[in-house]
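Q: Have a look at this one.
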Amino acid sequence: MRTDFTPAQLADPDYAESHDTIRKCVHCGFCTATCPTYVLLGDERDSPRGRIELIRAMLKKGGAPSRDTVTHIDRCLSCLACATTCPSGVDYGQLIGHARAYVEANYKRPWPERILRWAIPAVMTRPGRLRAGLALGRAAQGFTPWLERLKLGSLVALLRLVPPTTKTPRGVGTYPAVEERRGRVILLQGCVEPAMAPQVREAAIRLLARSGFDVVLAGGEGCCGALSEHLGRPEEACGLARRNLRAWEEAGEVDAIVTTAAGCGTTLKGYGHLLGAEGAGAAAKARDILEFLGEVGLPPIANPQGFSVAYHAPCSLQHGQQVKAGPARLLAEAGYDVREVPEGHLCCGSAGVYNILQPALATQLRDRKAANIARTGAVVVAAGNVGCMAQIAPALSAPVVHPVELLDWATGGPRPEALDRLQVRG
């Protein structure tokens with residue numbers, strides 16, 4: 001695609017990078033078949049190539065973008081299915097990130113949107129505040145019919161994401177390897193997962209220790225920066241990333257920085273782009289836990305299970321990190337009957353904070369995903385990202401767990417609590 005940025009604009013590194021990205025787009029249209037919003041809406045402006053044209057025009061013109069342009073940029077999930085499909089190698093993730101930062105700096109949103117966008121990081125990146133918010137959400141779930149009559153659909157959609165009461169996860173420290181020691185890893189604690197699904201951390205610690213690795217929960221660590229990037233605040237994301245780098249440096253040398261949240265993993269692997277050489281070392285060591293286990297191997301299978309599992313591949317893992325076949329292979333190796341989900345490349349609608357900011361579209365995508373999962377006939381659903389787990393669980397009759405919970409169980413750990421209502425023995 002042709003660009004005509006001025007020399008002054010091209011002197012800005014972000015503009016220069018976007019210029020190179022835009023010029024790679026040949027308008028072939030392959031991306032439209034895999035873009036969830038285009039599949040739903042059929043509007044060219046809600047396709048990757050349509051958004052690229054809107055972003056090009058917005059950056060060229062300068063000044064405040066139009067409401068219409070902002071609407072179509074906001075509707076992008078950043079699922080990066082288009083990047084997987086693109087034959088020209090367009091770095092769409094870079095471009096949509098620049099566009100969001102530009103909108104954040106140059107567009108004045110209506111005050112309800114400003115309050116919501118302030119509240120999201122203020123609450124969600126602080127586990128203590130998030131746990132308190134979830135407690136309030138559980139209390140408010142009983143008022144859902146009343147809220148629907150008041151046409152507060154966004155609040156109702158948000159309340160659906162609130163899980164049942166959860167336990168407090170283990171705190172910072174080092175959890176030693178079981179039997180023969182093979183190495184040492186940092187396990188990213190995250191901010192949302194400890195409050196919404198603390199059982200995932202517990203399963204991960206047991207599984208990694210059983211695999212022969214000391215597991216470090218580093219003191220001083222915080223949010224990876226993903227939520228700030230989703231909201232178009234790269235400087236805020238940089239500050240959070242640097243905080244983590246300091247915490248990890250103080251924790252000492254490790255073989256890998258492992259995360260159980262696929263969305264965080266995509267961000268960690270982008271620290272080199274976000275911070276340059278300063279973040280490149282951490283980015284090189286970042287691994288999704290399923291990716292890491294695929295590299296080092298599972299512990300011996302002690303409790304194989306033959307029941308069916310539908311593996312939901314998070315977009316951040318299959319598209320953002322290009323980790324595709326490995327997770328399902330691990331589940332099969334552990335003895336599960338793994339079922340492929342139709343339209344597995346399409347997003348479930350979670351997408352960071354998308355299900356909060358775009359609840360109507362997110363609900364359509366969730367229901368489509370749930371219907372496809374139901375077609376597999378599987379009795380359990382495994383999803384490797386806490387956002388996906390929270391998003392799809394309310395629309396499914398089958399329990400939703402993280403793959404590490406199933407792998408932990410198969411290698412000697414306890415049965416996941418979410419399976420208690422199933423007639424599954426082990």
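The chains in the structure tokens are called A, B, ... from first to last as shown; in each chain the residues are counted from 1, and the ligands are counted from 1 in the order shown.
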Among the residues of segment 91-267 of chain A, find those DSSP assigns to alpha helix (DSSP H) from the backbone and print them as a tab-separated table (two decimals) with C-alpha atoms, in the first residue's frame.
A:
chain	number	residue	atom	x	y	z
A	92	TYR	CA	-0.29	-5.77	12.10
A	93	GLY	CA	0.33	-5.95	15.85
A	94	GLN	CA	2.83	-3.09	15.63
A	95	LEU	CA	0.47	-1.01	13.51
A	96	ILE	CA	-2.63	-1.41	15.68
A	97	GLY	CA	-0.49	-0.67	18.73
A	98	HIS	CA	0.71	2.60	17.18
A	99	ALA	CA	-2.85	3.46	16.16
A	100	ARG	CA	-4.16	2.93	19.68
A	101	ALA	CA	-1.41	5.07	21.17
A	102	TYR	CA	-2.17	7.80	18.62
A	103	VAL	CA	-5.90	7.70	19.45
A	104	GLU	CA	-5.17	7.78	23.18
A	105	ALA	CA	-2.99	10.90	22.73
A	106	ASN	CA	-5.16	12.78	20.24
A	111	TRP	CA	-16.52	10.83	29.89
A	112	PRO	CA	-18.07	7.38	30.58
A	113	GLU	CA	-15.42	5.80	28.34
A	114	ARG	CA	-12.67	7.79	30.04
A	115	ILE	CA	-13.78	6.62	33.48
A	116	LEU	CA	-13.98	2.98	32.36
A	117	ARG	CA	-10.53	3.13	30.72
A	118	TRP	CA	-9.12	4.64	33.91
A	119	ALA	CA	-10.77	2.05	36.13
A	120	ILE	CA	-9.61	-1.02	34.18
A	121	PRO	CA	-5.87	-0.74	34.96
A	122	ALA	CA	-6.54	0.83	38.36
A	123	VAL	CA	-8.38	-2.35	39.42
A	124	MET	CA	-7.28	-5.20	37.19
A	127	PRO	CA	-4.81	-8.35	42.62
A	128	GLY	CA	-6.00	-7.04	45.99
A	129	ARG	CA	-8.32	-4.50	44.41
A	130	LEU	CA	-9.44	-7.04	41.84
A	131	ARG	CA	-10.34	-9.59	44.53
A	132	ALA	CA	-12.42	-6.93	46.28
A	133	GLY	CA	-14.08	-6.02	42.99
A	134	LEU	CA	-14.86	-9.67	42.28
A	135	ALA	CA	-16.47	-10.00	45.71
A	136	LEU	CA	-18.73	-7.04	44.90
A	137	GLY	CA	-19.45	-8.57	41.50
A	138	ARG	CA	-20.55	-11.84	43.07
A	139	ALA	CA	-22.93	-9.91	45.33
A	140	ALA	CA	-24.32	-8.01	42.34
A	144	THR	CA	-28.78	-9.27	36.81
A	145	PRO	CA	-32.47	-9.38	35.68
A	146	TRP	CA	-33.04	-5.92	37.13
A	147	LEU	CA	-29.90	-4.58	35.42
A	148	GLU	CA	-31.04	-6.05	32.10
A	149	ARG	CA	-34.39	-4.24	32.43
A	153	GLY	CA	-25.95	-4.67	29.11
A	154	SER	CA	-22.28	-3.76	29.55
A	155	LEU	CA	-22.49	-4.26	33.31
A	156	VAL	CA	-24.36	-7.55	32.89
A	157	ALA	CA	-21.69	-8.80	30.46
A	158	LEU	CA	-19.00	-7.84	32.97
A	159	LEU	CA	-20.77	-9.66	35.84
A	160	ARG	CA	-20.88	-12.85	33.76
A	193	GLU	CA	-5.07	-14.81	37.10
A	194	PRO	CA	-4.23	-14.93	40.86
A	195	ALA	CA	-7.57	-13.30	41.66
A	196	MET	CA	-9.73	-15.19	39.16
A	198	PRO	CA	-5.39	-19.13	41.63
A	199	GLN	CA	-5.61	-22.90	41.14
A	200	VAL	CA	-3.69	-22.48	37.87
A	201	ARG	CA	-0.61	-21.18	39.71
A	202	GLU	CA	-0.79	-24.05	42.19
A	203	ALA	CA	-0.95	-26.64	39.40
A	204	ALA	CA	1.89	-24.93	37.53
A	205	ILE	CA	4.19	-24.92	40.57
A	206	ARG	CA	3.55	-28.62	41.22
A	207	LEU	CA	4.00	-29.56	37.57
A	208	LEU	CA	7.21	-27.57	37.07
A	209	ALA	CA	8.68	-28.87	40.34
A	210	ARG	CA	7.79	-32.42	39.33
A	226	ALA	CA	-0.50	-6.08	28.40
A	227	LEU	CA	-3.53	-4.14	29.65
A	228	SER	CA	-1.74	-0.82	29.18
A	229	GLU	CA	-0.82	-1.77	25.62
A	230	HIS	CA	-4.43	-2.72	24.88
A	234	PRO	CA	2.95	2.34	25.68
A	235	GLU	CA	4.80	4.53	28.18
A	236	GLU	CA	2.80	3.01	31.04
A	237	ALA	CA	3.55	-0.46	29.65
A	238	CYS	CA	7.27	0.39	29.53
A	239	GLY	CA	7.22	1.38	33.19
A	240	LEU	CA	5.57	-1.89	34.19
A	241	ALA	CA	8.01	-3.88	32.06
A	242	ARG	CA	11.03	-2.19	33.67
A	243	ARG	CA	9.66	-2.94	37.11
A	244	ASN	CA	9.50	-6.62	36.19
A	245	LEU	CA	13.00	-6.59	34.74
A	246	ARG	CA	14.33	-5.24	38.05
A	247	ALA	CA	12.44	-7.90	40.02
A	248	TRP	CA	13.73	-10.69	37.81
A	249	GLU	CA	17.30	-9.42	37.96
A	250	GLU	CA	17.15	-9.48	41.76
A	251	ALA	CA	15.77	-13.04	41.62
A	262	ALA	CA	-0.95	-16.72	27.04
A	263	GLY	CA	-1.81	-13.03	26.81
A	264	CYS	CA	1.04	-12.18	29.18
A	265	GLY	CA	3.39	-14.41	27.21
A	266	THR	CA	2.84	-12.44	24.01
A	267	THR	CA	3.65	-9.24	25.89
Q: If you count only C-alpha atoms, which residues fall within 10 Å of Gly171 of chain A, apart from same-chain ones fewer than 3 positions away, as a PyMOL selection string?
A: chain A and resi 168+174+189+217-219
Q: What does the distance between atom CA of Thr411 of chain A and atom CA of Gly252 of chain A come to in Å, to one decimal place?
A: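 One can read the atom CA of Thr411 of chain A to atom CA of Gly252 of chain A distance as 28.7 Å.
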Q: Can you tell me which residues surround Thr259 of chain A at a distance of at most 9 Å, considering only C-alpha atoms, apart from same-chain residues fewer than 5 positions away, and format the answer as JSON, numbers by chain?
A: {"A": [186, 187, 188, 189, 190, 264, 265, 268, 286, 287, 288, 289, 290]}
Q: What would the file look like if the residues just selected were written as a JSON list (two decimals), in the first residue's frame with C-alpha atoms?
A:
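Okay, this is what ended up in part_18.json:
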[["chain", "number", "residue", "atom", "x", "y", "z"],
["A", 186, "ILE", "CA", 10.65, -17.73, 37.22],
["A", 187, "LEU", "CA", 6.88, -18.21, 37.10],
["A", 188, "LEU", "CA", 5.13, -14.95, 36.23],
["A", 189, "GLN", "CA", 2.55, -14.27, 38.92],
["A", 190, "GLY", "CA", 0.42, -11.96, 36.82],
["A", 264, "CYS", "CA", 1.04, -12.18, 29.18],
["A", 265, "GLY", "CA", 3.39, -14.41, 27.21],
["A", 268, "LEU", "CA", 6.76, -10.69, 27.56],
["A", 286, "ALA", "CA", 9.96, -15.90, 27.96],
["A", 287, "ARG", "CA", 7.97, -19.09, 27.47],
["A", 288, "ASP", "CA", 4.35, -20.06, 27.75],
["A", 289, "ILE", "CA", 4.20, -22.96, 30.19],
["A", 290, "LEU", "CA", 2.84, -25.30, 27.50]]
Q: Counting only C-alpha atoms, what is within 8 Å of Gly335 of chain A, bar same-chain residues fewer than 4 positions away, as a list in words?
A: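 What passes the distance filter is Pro304, Gln305, Gly306, Leu331 and Ala410 of chain A.
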Q: Could those selected residues go to a file with C-alpha atoms, as a PDB file, in the first residue's frame?
A:
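Saved result, out-v9.pdb, follows:
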ATOM      1  CA  PRO A 304      -3.712 -41.292  32.685  1.00  0.00           C
ATOM      2  CA  GLN A 305      -7.278 -40.257  31.869  1.00  0.00           C
ATOM      3  CA  GLY A 306      -9.139 -41.234  28.725  1.00  0.00           C
ATOM      4  CA  LEU A 331      -2.681 -33.325  26.479  1.00  0.00           C
ATOM      5  CA  ALA A 410      -2.140 -36.848  34.935  1.00  0.00           C
TER       6      ALA A 410
END
Q: Go through A:Ala332, A:Leu231, A:Ile373, A:Lys108 and flag the residue nearest Gly63 of chain A, using only C-alpha atoms for the distances.
A: A:Lys108
Q: Could you name the residues that touch Lys324 of chain A at 12 Å or less, counting only C-alpha atoms, but leaving out those on the same chain fewer than 2 positions away, as a list of chain:residue names?
A: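 Listing them by chain and then by number gives A:Thr84, A:Ala262, A:Asp288, A:Leu290, A:Glu291, A:Gly294, A:Tyr311, A:His312, A:Ala313, A:Pro314, A:Cys315, A:Ser316, A:Leu317, A:Gln318, A:His319, A:Gly320, A:Gln321, A:Gln322, A:Gly326, A:Pro327, A:Ala328, A:Arg329, A:Leu330, A:Glu340, A:Gly344, A:His345, A:Gly384.
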Q: Report the distance between atom CA of Ala283 of chain A and atom CA of Gly349 of chain A in Å, rounded to one decimal place.
A: 26.3 Å
Q: Hey, can you check how far atom CA of Glu44 of chain A sits from atom CA of Asp74 of chain A?
A: 14.5 Å
Q: Pick the closest to Pro416 of chain A from A:Val386, A:His402, A:Cys82, A:Phe292: which is it, counting only C-alpha atoms?
A: A:His402
Q: Looking at A:Leu346, A:Ile257, A:Val338, A:Val215, which one is nearest to Val39 of chain A, with distances taken over only C-alpha atoms?
A: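 Result for the nearest residue to Val39 of chain A: A:Leu346.
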Q: Compare A:Gln364, A:Ser211, A:Gln9, A:Ser308 by their minimum atom-to-atom distance to Val381 of chain A, counting only C-alpha atoms, and give me the closest one.
A: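 Ranking A:Gln364, A:Ser211, A:Gln9, A:Ser308 by distance to Val381 of chain A, first place goes to A:Ser308.
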Q: Go through A:Arg182, A:Phe307, A:Ala284, A:Val192 one by one, measure the shortest atom-to-atom distance of each to Met389 of chain A using only C-alpha atoms, and give the residue with the smallest value.
A: A:Val192
Q: Could you check the closest approach to Asp408 of chain A for each of A:Leu298, A:Leu396, A:Leu10, A:Ala261 and tell me which residue wins, using only C-alpha atoms?
A: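 Smallest distance to Asp408 of chain A is found for A:Leu298.
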Q: Just asking: which residues within segment 146-374 of chain A are strand (DSSP E) according to DSSP, as an MDAnalysis selection string?
A: chainID A and resid 173:175 183:187 213:217 256:259 286:288 308:312 337:340
Q: I'd like the contact shell of Ser66 of chain A - 10 Å cut-off, only C-alpha atoms, skipping same-chain residues fewer than 4 positions apart - returned as a PDB file with N, CA and C atoms, in the first residue's frame.
A:
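Output contents, as saved in selection.pdb:
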ATOM      1  N   MET A  58      -5.380   8.378   8.983  1.00  0.00           N
ATOM      2  CA  MET A  58      -5.354   9.064  10.282  1.00  0.00           C
ATOM      3  C   MET A  58      -3.959   9.602  10.592  1.00  0.00           C
ATOM      4  N   VAL A  70     -12.104   6.013  15.053  1.00  0.00           N
ATOM      5  CA  VAL A  70     -11.849   5.450  16.381  1.00  0.00           C
ATOM      6  C   VAL A  70     -12.727   4.217  16.624  1.00  0.00           C
ATOM      7  N   THR A  71     -13.973   4.276  16.187  1.00  0.00           N
ATOM      8  CA  THR A  71     -14.885   3.145  16.376  1.00  0.00           C
ATOM      9  C   THR A  71     -14.328   1.879  15.745  1.00  0.00           C
ATOM     10  N   VAL A 103      -4.534   7.352  19.036  1.00  0.00           N
ATOM     11  CA  VAL A 103      -5.895   7.697  19.449  1.00  0.00           C
ATOM     12  C   VAL A 103      -5.908   8.156  20.903  1.00  0.00           C
ATOM     13  N   TYR A 107      -7.347  11.892  20.843  1.00  0.00           N
ATOM     14  CA  TYR A 107      -8.800  11.844  20.758  1.00  0.00           C
ATOM     15  C   TYR A 107      -9.392  11.943  22.158  1.00  0.00           C
TER      16      TYR A 107
END
